[in-house]
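Engineer: Provided herewith: target15.cif, mmCIF, C-alpha atoms.
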```
data_input
loop_
_atom_site.label_atom_id
_atom_site.label_comp_id
_atom_site.auth_asym_id
_atom_site.auth_seq_id
_atom_site.Cartn_x
_atom_site.Cartn_y
_atom_site.Cartn_z
CA MET A 1 -10.22 -16.84 -1.56
CA LEU A 2 -7.83 -17.74 1.22
CA SER A 3 -8.43 -17.07 4.92
CA PHE A 4 -5.74 -16.50 7.51
CA PRO A 5 -6.07 -17.61 11.18
CA THR A 6 -8.59 -15.60 13.20
CA PRO A 7 -6.98 -12.89 15.37
CA THR A 8 -7.95 -12.69 19.02
CA ILE A 9 -9.79 -9.38 18.67
CA TYR A 10 -10.98 -8.70 15.12
CA GLN A 11 -12.05 -10.76 12.14
CA SER A 12 -9.36 -12.29 10.00
CA SER A 13 -7.90 -10.73 6.90
CA LYS A 14 -8.89 -12.21 3.57
CA CYS A 15 -6.59 -13.01 0.66
CA PHE A 16 -8.22 -12.81 -2.78
CA VAL A 17 -6.20 -14.61 -5.45
CA THR A 18 -6.55 -13.84 -9.17
CA TYR A 19 -4.86 -15.50 -12.14
CA GLY A 20 -5.50 -13.60 -15.34
CA VAL A 21 -4.15 -11.80 -18.38
CA MET A 22 -3.50 -8.07 -18.63
CA GLY A 23 -2.90 -6.01 -21.73
CA HIS A 24 0.32 -4.16 -22.45
CA PRO A 25 0.02 -0.80 -20.62
CA ASP A 26 0.36 2.51 -22.42
CA PRO A 27 2.68 4.82 -20.41
CA ARG A 28 0.92 7.88 -21.87
CA GLN A 29 -2.45 6.69 -20.57
CA LEU A 30 -1.94 4.65 -17.43
CA PRO A 31 -4.53 1.92 -16.88
CA SER A 32 -6.72 2.25 -13.79
CA LYS A 33 -9.62 -0.14 -14.39
CA GLY A 34 -9.52 -3.90 -14.10
CA LYS A 35 -7.07 -6.02 -12.16
CA PRO A 36 -4.28 -5.75 -11.20
CA TRP A 37 -4.42 -1.96 -11.62
CA SER A 38 -7.57 -1.40 -9.58
CA ALA A 39 -6.13 -3.42 -6.70
CA LEU A 40 -2.97 -1.29 -6.64
CA LEU A 41 -4.89 1.98 -6.71
CA ALA A 42 -7.37 0.81 -4.06
CA GLN A 43 -4.69 0.97 -1.37
CA ASP A 44 -4.87 4.20 0.54
CA PHE A 45 -1.42 4.87 2.05
CA VAL A 46 1.47 2.61 1.08
CA HIS A 47 4.29 2.11 3.57
CA LYS A 48 6.59 -0.29 1.71
CA VAL A 49 7.17 -1.47 -1.86
CA ASP A 50 9.25 -4.55 -2.78
CA LEU A 51 10.37 -5.49 -6.28
CA ILE A 52 11.85 -8.98 -6.77
CA LEU A 53 13.42 -10.09 -10.05
CA PRO A 54 16.25 -12.24 -11.47
CA GLU A 55 19.67 -10.70 -11.02
CA GLU A 56 20.52 -10.88 -14.74
CA VAL A 57 17.85 -8.28 -15.61
CA THR A 58 18.51 -5.97 -12.67
CA GLU A 59 20.40 -3.35 -14.67
CA LEU A 60 17.47 -2.95 -17.07
CA VAL A 61 15.17 -2.02 -14.20
CA LYS A 62 17.72 0.11 -12.32
CA ASP A 63 18.28 2.28 -15.40
CA ARG A 64 14.55 2.76 -15.86
CA ILE A 65 13.46 3.30 -12.26
CA ILE A 66 16.38 4.17 -9.99
CA GLY A 67 18.37 6.13 -12.53
CA LYS A 68 15.47 8.26 -13.72
CA LEU A 69 15.39 11.76 -12.25
CA GLY A 70 12.39 12.46 -10.02
CA ARG A 71 11.37 8.80 -9.58
CA THR A 72 12.24 8.58 -5.88
CA PRO A 73 9.27 9.25 -3.54
CA VAL A 74 9.65 12.41 -1.44
CA PHE A 75 7.37 13.15 1.51
CA HIS A 76 7.32 15.40 4.59
CA LYS A 77 6.57 15.10 8.28
CA VAL A 78 4.86 18.16 9.76
CA ILE A 79 3.09 19.12 13.00
CA MET A 80 -0.24 20.91 12.49
CA THR A 81 -3.71 21.09 13.98
CA LEU A 82 -6.62 19.99 11.81
CA GLY A 83 -7.81 23.59 11.80
CA GLN A 84 -4.54 24.75 10.22
CA VAL A 85 -5.05 22.23 7.40
CA LEU A 86 -8.46 23.76 6.66
CA GLU A 87 -7.53 27.43 6.61
CA GLY A 88 -5.73 30.02 4.50
CA ASP A 89 -3.43 29.33 1.57
CA PHE A 90 -2.77 25.76 2.69
CA PHE A 91 -6.45 24.85 2.24
CA THR A 92 -6.78 26.73 -1.05
CA GLU A 93 -3.52 25.71 -2.74
CA TYR A 94 -3.14 22.14 -1.53
CA ILE A 95 -6.71 20.90 -1.15
CA LYS A 96 -9.02 23.01 -3.31
CA ILE A 97 -6.58 23.44 -6.23
CA GLY A 98 -3.82 20.88 -5.67
CA ASN A 99 -3.77 17.22 -4.70
CA VAL A 100 -2.11 15.96 -1.52
CA LEU A 101 -2.08 12.85 0.64
CA MET A 102 -2.04 13.35 4.42
CA LEU A 103 -2.18 10.89 7.30
CA SER A 104 -2.04 11.77 10.99
CA GLU A 105 -0.33 9.68 13.66
CA GLY A 106 -2.16 6.99 15.63
CA SER A 107 -4.03 3.73 15.23
CA MET A 108 -7.43 3.89 13.53
CA ASP A 109 -8.84 1.17 15.78
CA PHE A 110 -8.54 3.02 19.09
CA GLU A 111 -7.20 6.57 18.51
CA ASN A 112 -8.48 9.65 16.75
CA VAL A 113 -6.88 9.60 13.30
CA PHE A 114 -7.35 11.96 10.34
CA SER A 115 -6.55 11.26 6.70
CA LEU A 116 -6.86 13.21 3.47
CA LYS A 117 -6.98 11.68 0.00
CA GLU A 118 -8.41 13.04 -3.26
CA GLY A 119 -9.82 15.98 -1.32
CA VAL A 120 -11.80 13.77 1.07
CA LEU A 121 -11.16 14.25 4.78
CA THR A 122 -11.78 11.08 6.81
CA MET A 123 -11.87 11.12 10.60
CA HIS A 124 -11.77 7.94 12.72
CA LEU A 125 -13.10 8.97 16.13
CA ASP A 126 -13.93 7.42 19.48
CA LYS A 127 -17.46 7.87 20.79
CA GLU A 128 -16.66 10.64 23.26
CA THR A 129 -14.83 12.78 20.70
CA TYR A 130 -17.53 12.14 18.10
CA GLU A 131 -20.27 13.35 20.43
CA ARG A 132 -18.28 16.43 21.49
CA ALA A 133 -17.61 17.38 17.86
CA GLY A 134 -21.30 17.33 16.95
CA LEU A 135 -20.62 16.08 13.42
CA THR A 136 -22.62 13.58 11.40
CA GLY A 137 -20.95 10.22 10.83
CA LYS A 138 -21.52 6.49 10.80
CA PRO A 139 -20.46 3.59 13.04
CA HIS A 140 -17.12 1.99 12.19
CA GLY A 141 -16.46 -1.74 12.29
CA VAL A 142 -18.29 -4.93 11.50
CA LYS A 143 -21.77 -4.98 13.02
CA GLY A 144 -21.73 -6.83 16.30
CA LYS A 145 -17.91 -6.77 16.42
CA ARG A 146 -17.30 -3.22 17.58
CA GLY A 147 -16.19 -4.22 21.05
CA LEU A 148 -16.71 -2.20 24.20
CA LYS A 149 -15.52 1.08 22.69
CA PRO A 150 -17.56 1.97 19.59
CA ARG A 151 -15.83 3.86 16.80
CA TRP A 152 -17.20 6.38 14.31
CA ILE A 153 -16.19 7.63 10.87
CA VAL A 154 -16.87 11.18 9.66
CA GLN A 155 -16.11 12.23 6.08
CA PHE A 156 -16.12 15.57 4.25
CA ASP A 157 -15.51 16.18 0.55
CA LEU A 158 -13.43 19.33 0.94
CA ARG A 159 -13.53 20.03 -2.80
CA GLY A 160 -17.31 20.26 -2.78
CA PRO A 161 -18.96 23.65 -3.45
CA SER A 162 -20.40 23.74 0.08
CA MET A 163 -16.96 23.44 1.70
CA LEU A 164 -16.33 27.17 2.04
CA HIS A 165 -16.26 29.54 4.98
CA GLY A 166 -19.75 30.87 5.58
CA LYS A 167 -21.43 27.64 4.54
CA LYS A 168 -23.26 25.77 7.31
CA GLY A 169 -21.52 22.40 6.88
CA PHE A 170 -18.03 23.86 6.70
CA ASP A 171 -18.59 26.22 9.62
CA ARG A 172 -19.68 23.26 11.76
CA LEU A 173 -16.43 21.49 10.86
CA ALA A 174 -14.43 24.66 11.61
CA TYR A 175 -16.15 24.96 15.01
CA ALA A 176 -15.22 21.36 15.84
CA CYS A 177 -11.60 22.04 14.81
CA LYS A 178 -11.46 25.07 17.10
CA ASN A 179 -13.06 23.48 20.14
CA VAL A 180 -12.41 19.72 19.86
CA PHE A 181 -9.67 18.94 17.30
CA ASN A 182 -7.36 21.69 18.54
CA THR A 183 -4.37 19.58 19.58
CA PRO A 184 -1.37 19.64 17.19
CA VAL A 185 -0.67 16.23 15.67
CA THR A 186 2.10 14.85 13.48
CA TRP A 187 1.16 14.34 9.83
CA LEU A 188 2.77 12.57 6.90
CA PHE A 189 2.41 14.75 3.79
CA TYR A 190 2.86 13.88 0.11
CA ASN A 191 2.27 16.42 -2.66
CA LEU A 192 1.02 14.85 -5.90
CA ALA A 193 0.85 18.14 -7.80
CA LYS A 194 3.07 21.14 -8.46
CA THR A 195 4.33 22.91 -5.34
CA PRO A 196 2.81 26.41 -5.08
CA THR A 197 4.97 29.51 -4.67
CA PRO A 198 5.22 30.63 -1.92
CA ASP A 199 4.79 27.24 -0.29
CA PRO A 200 2.12 27.31 2.49
CA LEU A 201 3.70 24.20 4.04
CA SER A 202 7.00 25.95 4.80
CA ARG A 203 5.56 28.06 7.64
CA HIS A 204 4.94 24.86 9.62
CA TYR A 205 8.63 23.81 9.46
CA PRO A 206 8.22 20.43 7.75
CA ILE A 207 10.94 17.77 7.75
CA LYS A 208 11.71 16.36 4.31
CA TYR A 209 12.27 12.63 3.74
CA THR A 210 13.34 10.78 0.61
CA SER A 211 12.53 7.08 0.16
CA HIS A 212 15.83 6.01 -1.35
CA PRO A 213 15.69 2.48 -2.75
CA GLU A 214 17.48 -0.28 -0.88
CA VAL A 215 19.00 -2.67 -3.41
CA SER A 216 19.94 -6.22 -2.36
CA GLU A 217 21.73 -8.02 -5.20
CA GLY A 218 23.08 -11.51 -5.59
CA ILE A 219 20.62 -13.20 -3.21
CA PRO A 220 21.28 -16.98 -3.57
CA THR A 221 17.86 -18.58 -3.74
CA LYS A 222 16.10 -21.85 -4.47
CA ILE A 223 13.63 -20.92 -7.20
CA PRO A 224 10.50 -23.06 -7.78
CA LEU A 225 8.34 -23.19 -10.88
CA LEU A 226 6.58 -19.83 -10.94
CA LYS A 227 4.09 -20.64 -13.68
CA PRO A 228 1.19 -22.96 -12.86
CA PRO A 229 1.43 -26.31 -14.66
CA PRO A 230 -0.92 -26.61 -17.64
CA ALA A 231 -2.63 -29.55 -15.94
CA ILE A 232 -3.88 -27.27 -13.16
CA LEU A 233 -5.23 -24.69 -15.63
CA ASP A 234 -6.74 -27.31 -17.96
CA ARG A 235 -8.60 -29.04 -15.13
CA LYS A 236 -9.79 -25.68 -13.83
CA ASN A 237 -9.36 -27.10 -10.36
CA SER A 238 -9.61 -24.17 -7.99
CA LEU A 239 -8.24 -26.15 -5.04
CA ASP A 240 -5.04 -27.06 -6.90
CA LEU A 241 -4.65 -23.48 -8.11
CA ASP A 242 -5.21 -22.15 -4.57
CA GLU A 243 -2.55 -24.50 -3.22
CA PHE A 244 -0.07 -23.45 -5.92
CA ALA A 245 -0.81 -19.76 -5.31
CA THR A 246 -0.43 -20.17 -1.54
CA ASP A 247 2.96 -21.86 -1.91
CA ILE A 248 4.30 -19.21 -4.29
CA TYR A 249 3.02 -16.35 -2.12
CA GLU A 250 4.73 -17.86 0.92
CA TRP A 251 7.99 -18.21 -1.05
CA LEU A 252 7.83 -14.57 -2.21
CA SER A 253 7.07 -13.42 1.33
CA LEU A 254 10.14 -15.19 2.69
CA ILE A 255 12.28 -13.40 0.10
CA ARG A 256 10.78 -10.08 1.15
CA LEU A 257 11.62 -10.94 4.77
CA ASP A 258 15.18 -11.94 3.80
CA SER A 259 14.59 -15.35 5.35
CA PRO A 260 17.45 -17.88 5.16
CA ARG A 261 14.90 -20.67 4.52
CA VAL A 262 14.87 -19.94 0.77
CA ASN A 263 18.65 -19.56 0.58
CA GLY A 264 20.26 -21.91 -1.91
CA ASP A 265 22.72 -23.15 0.74
CA ASP A 266 20.28 -23.38 3.65
CA LYS A 267 20.77 -26.50 5.75
CA VAL A 268 18.55 -25.85 8.76
CA ASP A 269 17.71 -28.72 11.06
CA PRO A 270 14.27 -30.02 9.96
CA TYR A 271 13.38 -30.25 13.63
CA LEU A 272 13.59 -26.43 13.82
CA SER A 273 11.92 -25.67 10.50
CA GLY A 274 9.90 -27.91 8.25
CA TYR A 275 9.69 -25.43 5.38
CA ALA A 276 10.66 -26.60 1.91
CA VAL A 277 10.62 -24.65 -1.35
CA PRO A 278 7.40 -25.69 -3.15
CA GLY A 279 7.34 -28.09 -6.07
CA ASP A 280 9.18 -31.27 -7.01
CA PRO A 281 12.87 -31.18 -6.03
CA GLU A 282 13.92 -31.74 -9.67
CA ASP A 283 11.97 -28.62 -10.71
CA VAL A 284 13.61 -26.37 -8.10
CA GLN A 285 16.60 -24.45 -9.44
CA LYS A 286 19.30 -22.43 -7.76
CA GLY A 287 19.73 -18.86 -8.91
CA LYS A 288 20.44 -15.31 -7.76
CA LEU A 289 17.76 -12.69 -7.25
CA CYS A 290 17.63 -8.96 -6.67
CA ARG A 291 15.28 -7.22 -4.24
CA ILE A 292 14.66 -3.47 -4.51
CA SER A 293 12.72 -1.91 -1.63
CA TRP A 294 11.28 1.52 -0.93
CA GLN A 295 9.89 2.50 2.48
CA GLY A 296 8.14 5.65 3.61
CA PHE A 297 4.88 7.41 2.73
CA ILE A 298 4.16 6.38 -0.86
CA PRO A 299 1.05 7.12 -2.96
CA PRO A 300 -0.65 4.32 -4.95
CA LYS A 301 -0.08 6.36 -8.11
CA TRP A 302 3.66 5.89 -7.66
CA THR A 303 3.32 2.10 -7.50
CA GLN A 304 1.13 2.23 -10.61
CA HIS A 305 3.88 4.10 -12.50
CA THR A 306 6.49 1.68 -11.16
CA LEU A 307 4.60 -1.38 -12.38
CA VAL A 308 4.27 0.14 -15.86
CA ASP A 309 7.98 0.99 -15.95
CA VAL A 310 8.99 -2.53 -14.90
CA ILE A 311 6.77 -4.12 -17.56
CA HIS A 312 8.30 -1.91 -20.25
CA ALA A 313 11.87 -2.42 -19.02
CA LEU A 314 11.87 -6.23 -18.91
CA PRO A 315 11.55 -8.69 -21.80
CA SER A 316 8.39 -10.81 -21.73
CA LYS A 317 10.32 -13.98 -20.86
CA SER A 318 11.53 -12.48 -17.55
CA TRP A 319 9.50 -12.82 -14.38
CA PHE A 320 9.16 -10.29 -11.57
CA SER A 321 7.12 -9.64 -8.45
CA LEU A 322 5.92 -6.26 -7.15
CA SER A 323 4.46 -6.03 -3.63
CA THR A 324 2.97 -3.10 -1.74
CA THR A 325 2.10 -2.97 1.95
CA SER A 326 -0.03 -0.31 3.61
CA PHE A 327 0.42 1.18 7.06
CA VAL A 328 -0.61 -0.93 10.04
CA ARG A 329 -4.18 0.00 10.91
CA GLY A 330 -4.92 -1.63 14.27
CA ILE A 331 -3.64 -3.26 17.44
CA THR A 332 -3.50 -6.68 15.77
CA GLY A 333 -0.78 -5.36 13.46
CA ASP A 334 -2.55 -6.29 10.22
CA SER A 335 -2.42 -4.20 7.07
CA ALA A 336 -3.48 -4.37 3.45
CA ASP A 337 -1.07 -6.02 1.04
CA CYS A 338 -1.01 -6.39 -2.72
CA THR A 339 1.43 -8.66 -4.59
CA ILE A 340 1.64 -9.05 -8.37
CA LEU A 341 3.69 -11.78 -10.05
CA ARG A 342 4.33 -12.03 -13.76
CA PRO A 343 5.43 -15.63 -14.41
CA PRO A 344 8.34 -16.35 -16.77
CA ASN A 345 7.77 -16.78 -20.50
CA SER A 346 4.36 -15.15 -20.44
CA THR A 347 3.24 -12.07 -22.34
CA GLY A 348 0.44 -10.87 -20.09
CA ASP A 349 -0.29 -13.57 -17.51
CA TYR A 350 -0.22 -12.52 -13.88
CA PHE A 351 -0.96 -13.67 -10.35
CA LEU A 352 -2.54 -11.19 -7.95
CA TRP A 353 -2.72 -11.66 -4.18
CA ASP A 354 -4.93 -8.94 -2.71
CA ILE A 355 -5.02 -9.06 1.10
CA LYS A 356 -7.66 -6.92 2.75
CA ARG A 357 -8.20 -6.36 6.44
CA HIS A 358 -11.67 -6.16 7.97
CA ASP A 359 -12.56 -2.70 9.24
#
```
Now that the file is in, can you turn its structure into structure tokens?

Structural biologist:
Amino acid sequence: MLSFPTPTIYQSSKCFVTYGVMGHPDPRQLPSKGKPWSALLAQDFVHKVDLILPEEVTELVKDRIIGKLGRTPVFHKVIMTLGQVLEGDFFTEYIKIGNVLMLSEGSMDFENVFSLKEGVLTMHLDKETYERAGLTGKPHGVKGKRGLKPRWIVQFDLRGPSMLHGKKGFDRLAYACKNVFNTPVTWLFYNLAKTPTPDPLSRHYPIKYTSHPEVSEGIPTKIPLLKPPPAILDRKNSLDLDEFATDIYEWLSLIRLDSPRVNGDDKVDPYLSGYAVPGDPEDVQKGKLCRISWQGFIPPKWTQHTLVDVIHALPSKSWFSLSTTSFVRGITGDSADCTILRPPNSTGDYFLWDIKRHD
């Protein structure tokens, strides 16, 4: 487990590193248990996905992912009150029967933010709003680290049998929506099921967005050894493995950031930057990489499908890296991040970097 420097306000994020072996996934029955699958699905709302792979196998992946009809994430931006989400055909078709992801605007650390996933409504509220709403919730944040403005979380399982008009719990929520949560807010909306006809969303004039992939090919790069040396695995030395994993994660992150420091022709003054590609100089090779990126409002299920498609598209000797980043949650700018690396010439070996922020 790796720890990043402590922020000035909240506790530091933690990076959990796993090196393991995964079985070959069945596309007809997508895996959900065990790592790395559980780590991918544990992310709530994904903002960006990056796929890094050698340029010579790019066409195999492009045909499988980019060229396939219906593979591009499509989401909407819509302005609604919370009460409008919980009433009429929208509530019945999209929440009770269907399956949607919704996230309202704002920062969860100091603003009132609503989210909806798997039928569960989660509200992050400040103390004043929480007391005015009269709902039952729990304190939010690490005990003793909640600062001067305490936060509260309120959750409702909207698919539960008691979540109907006329039921005491639901009527209390409806009353709070009418009298407290009555300001229209901007939502991001992703429909995971079939769109009903007529579409209840259309009356709110949504704006449609498509997360078209951004493909960067021919990136000249210094490539280190991406598979841990047998000596590290044989000794079972966790410190050596942590150091190797840290170096590789930093290298992958610089590629995601399009940093010139990993460029094959980079000649920066060492006084300005002391970074060097990890590993012995004789083991570092020059090559060309491809980076495919998607950005928007993306469900974890989509990244799960993408990982399965990439594994099936590439031969086992080829390496690749798939990274997902969630939306920024607080004023410190931190977010959850999950990166999976399949080393070259390995059938099922993988590295997993799972970065989690402290709530």

Engineer: Which residue out of A:Ile207, A:Ile298, A:Leu257, A:Cys290 has the minimum interatomic distance to Leu101 (chain A) when only C-alpha atoms are used?

Structural biologist: A:Ile298

Engineer: Identify all residues satisfying the PyMOL selection byres ((chain A and resi 303) around 9) in the given file; provide them as a PyMOL selection string.

Structural biologist: chain A and resi 40-41+46+49+298-302+304-308+322+324

Engineer: Which of these residues is nearest to His312 (chain A), using all atoms listed in the file: A:Ser326, A:Trp294, A:Gly98, A:Ile65?

Structural biologist: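 Smallest distance to His312 (chain A) is found for A:Ile65.
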
Engineer: I need the output of the PyMOL selection byres ((chain A and resi 99) around 12) for this file as number ranges by chain; which residues are they?

Structural biologist: A: 90-98, 100-102, 116-120, 158-159, 189-196, 299, 301

Engineer: Calculated over all atoms listed in the file, which of the candidates A:Pro36, A:Gly67, A:Gly134, A:Gly287 has the smallest distance to Phe16 (chain A)?

Structural biologist: A:Pro36

Engineer: So, with only C-alpha atoms as the atoms that count, which of A:His76, A:Pro31, A:Pro229, A:Asp309 lies closest to Lys208 (chain A)?

Structural biologist: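 The shortest atom-to-atom distance to Lys208 (chain A) comes from A:His76.
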
Engineer: Evaluated on this file, the PyMOL selection byres ((chain A and resi 170-187) around 10) picks out some residues - which ones are they, written as a PDB file with C-alpha atoms, keeping the file's coordinate frame?

Structural biologist:
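Once written, part_7.pdb looks like this:
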```pdb
ATOM      1  CA  HIS A  76       7.320  15.400   4.590  1.00  0.00           C
ATOM      2  CA  LYS A  77       6.570  15.100   8.280  1.00  0.00           C
ATOM      3  CA  VAL A  78       4.860  18.160   9.760  1.00  0.00           C
ATOM      4  CA  ILE A  79       3.090  19.120  13.000  1.00  0.00           C
ATOM      5  CA  MET A  80      -0.240  20.910  12.490  1.00  0.00           C
ATOM      6  CA  THR A  81      -3.710  21.090  13.980  1.00  0.00           C
ATOM      7  CA  LEU A  82      -6.620  19.990  11.810  1.00  0.00           C
ATOM      8  CA  GLY A  83      -7.810  23.590  11.800  1.00  0.00           C
ATOM      9  CA  GLN A  84      -4.540  24.750  10.220  1.00  0.00           C
ATOM     10  CA  VAL A  85      -5.050  22.230   7.400  1.00  0.00           C
ATOM     11  CA  LEU A  86      -8.460  23.760   6.660  1.00  0.00           C
ATOM     12  CA  GLU A  87      -7.530  27.430   6.610  1.00  0.00           C
ATOM     13  CA  LEU A 101      -2.080  12.850   0.640  1.00  0.00           C
ATOM     14  CA  MET A 102      -2.040  13.350   4.420  1.00  0.00           C
ATOM     15  CA  LEU A 103      -2.180  10.890   7.300  1.00  0.00           C
ATOM     16  CA  SER A 104      -2.040  11.770  10.990  1.00  0.00           C
ATOM     17  CA  GLU A 105      -0.330   9.680  13.660  1.00  0.00           C
ATOM     18  CA  GLY A 106      -2.160   6.990  15.630  1.00  0.00           C
ATOM     19  CA  ASN A 112      -8.480   9.650  16.750  1.00  0.00           C
ATOM     20  CA  VAL A 113      -6.880   9.600  13.300  1.00  0.00           C
ATOM     21  CA  PHE A 114      -7.350  11.960  10.340  1.00  0.00           C
ATOM     22  CA  SER A 115      -6.550  11.260   6.700  1.00  0.00           C
ATOM     23  CA  THR A 129     -14.830  12.780  20.700  1.00  0.00           C
ATOM     24  CA  TYR A 130     -17.530  12.140  18.100  1.00  0.00           C
ATOM     25  CA  ARG A 132     -18.280  16.430  21.490  1.00  0.00           C
ATOM     26  CA  ALA A 133     -17.610  17.380  17.860  1.00  0.00           C
ATOM     27  CA  GLY A 134     -21.300  17.330  16.950  1.00  0.00           C
ATOM     28  CA  LEU A 135     -20.620  16.080  13.420  1.00  0.00           C
ATOM     29  CA  PHE A 156     -16.120  15.570   4.250  1.00  0.00           C
ATOM     30  CA  LEU A 158     -13.430  19.330   0.940  1.00  0.00           C
ATOM     31  CA  SER A 162     -20.400  23.740   0.080  1.00  0.00           C
ATOM     32  CA  MET A 163     -16.960  23.440   1.700  1.00  0.00           C
ATOM     33  CA  LEU A 164     -16.330  27.170   2.040  1.00  0.00           C
ATOM     34  CA  HIS A 165     -16.260  29.540   4.980  1.00  0.00           C
ATOM     35  CA  GLY A 166     -19.750  30.870   5.580  1.00  0.00           C
ATOM     36  CA  LYS A 167     -21.430  27.640   4.540  1.00  0.00           C
ATOM     37  CA  LYS A 168     -23.260  25.770   7.310  1.00  0.00           C
ATOM     38  CA  GLY A 169     -21.520  22.400   6.880  1.00  0.00           C
ATOM     39  CA  LEU A 188       2.770  12.570   6.900  1.00  0.00           C
ATOM     40  CA  PHE A 189       2.410  14.750   3.790  1.00  0.00           C
ATOM     41  CA  TYR A 190       2.860  13.880   0.110  1.00  0.00           C
ATOM     42  CA  PRO A 206       8.220  20.430   7.750  1.00  0.00           C
TER      43      PRO A 206
END
```

Engineer: Where atoms are absent from region 277-288 of chain A, fill them in so it carries N, CA and C atoms, then output it as a PDB file, in the frame of the given file.

Structural biologist:
```
ATOM      1  N   VAL A 277      11.023 -25.403  -0.158  1.00  0.00           N
ATOM      2  CA  VAL A 277      10.620 -24.650  -1.350  1.00  0.00           C
ATOM      3  C   VAL A 277       9.593 -25.491  -2.119  1.00  0.00           C
ATOM      4  N   PRO A 278       8.481 -24.910  -2.536  1.00  0.00           N
ATOM      5  CA  PRO A 278       7.400 -25.690  -3.150  1.00  0.00           C
ATOM      6  C   PRO A 278       7.805 -26.327  -4.476  1.00  0.00           C
ATOM      7  N   GLY A 279       7.100 -27.419  -4.797  1.00  0.00           N
ATOM      8  CA  GLY A 279       7.340 -28.090  -6.070  1.00  0.00           C
ATOM      9  C   GLY A 279       8.203 -29.327  -5.919  1.00  0.00           C
ATOM     10  N   ASP A 280       8.312 -30.092  -6.995  1.00  0.00           N
ATOM     11  CA  ASP A 280       9.180 -31.270  -7.010  1.00  0.00           C
ATOM     12  C   ASP A 280      10.639 -30.827  -6.924  1.00  0.00           C
ATOM     13  N   PRO A 281      11.466 -31.568  -6.182  1.00  0.00           N
ATOM     14  CA  PRO A 281      12.870 -31.180  -6.030  1.00  0.00           C
ATOM     15  C   PRO A 281      13.593 -31.028  -7.367  1.00  0.00           C
ATOM     16  N   GLU A 282      13.246 -31.850  -8.379  1.00  0.00           N
ATOM     17  CA  GLU A 282      13.920 -31.740  -9.670  1.00  0.00           C
ATOM     18  C   GLU A 282      13.531 -30.471 -10.441  1.00  0.00           C
ATOM     19  N   ASP A 283      12.407 -29.851 -10.055  1.00  0.00           N
ATOM     20  CA  ASP A 283      11.970 -28.620 -10.710  1.00  0.00           C
ATOM     21  C   ASP A 283      12.543 -27.371 -10.046  1.00  0.00           C
ATOM     22  N   VAL A 284      13.061 -27.507  -8.831  1.00  0.00           N
ATOM     23  CA  VAL A 284      13.610 -26.370  -8.100  1.00  0.00           C
ATOM     24  C   VAL A 284      15.031 -26.095  -8.575  1.00  0.00           C
ATOM     25  N   GLN A 285      15.293 -24.851  -8.944  1.00  0.00           N
ATOM     26  CA  GLN A 285      16.600 -24.450  -9.440  1.00  0.00           C
ATOM     27  C   GLN A 285      17.245 -23.451  -8.493  1.00  0.00           C
ATOM     28  N   LYS A 286      18.565 -23.428  -8.525  1.00  0.00           N
ATOM     29  CA  LYS A 286      19.300 -22.430  -7.760  1.00  0.00           C
ATOM     30  C   LYS A 286      19.627 -21.243  -8.664  1.00  0.00           C
ATOM     31  N   GLY A 287      19.444 -20.061  -8.140  1.00  0.00           N
ATOM     32  CA  GLY A 287      19.730 -18.860  -8.910  1.00  0.00           C
ATOM     33  C   GLY A 287      19.941 -17.678  -7.977  1.00  0.00           C
ATOM     34  N   LYS A 288      20.221 -16.532  -8.548  1.00  0.00           N
ATOM     35  CA  LYS A 288      20.440 -15.310  -7.760  1.00  0.00           C
ATOM     36  C   LYS A 288      19.367 -14.285  -8.120  1.00  0.00           C
TER      37      LYS A 288
END
```
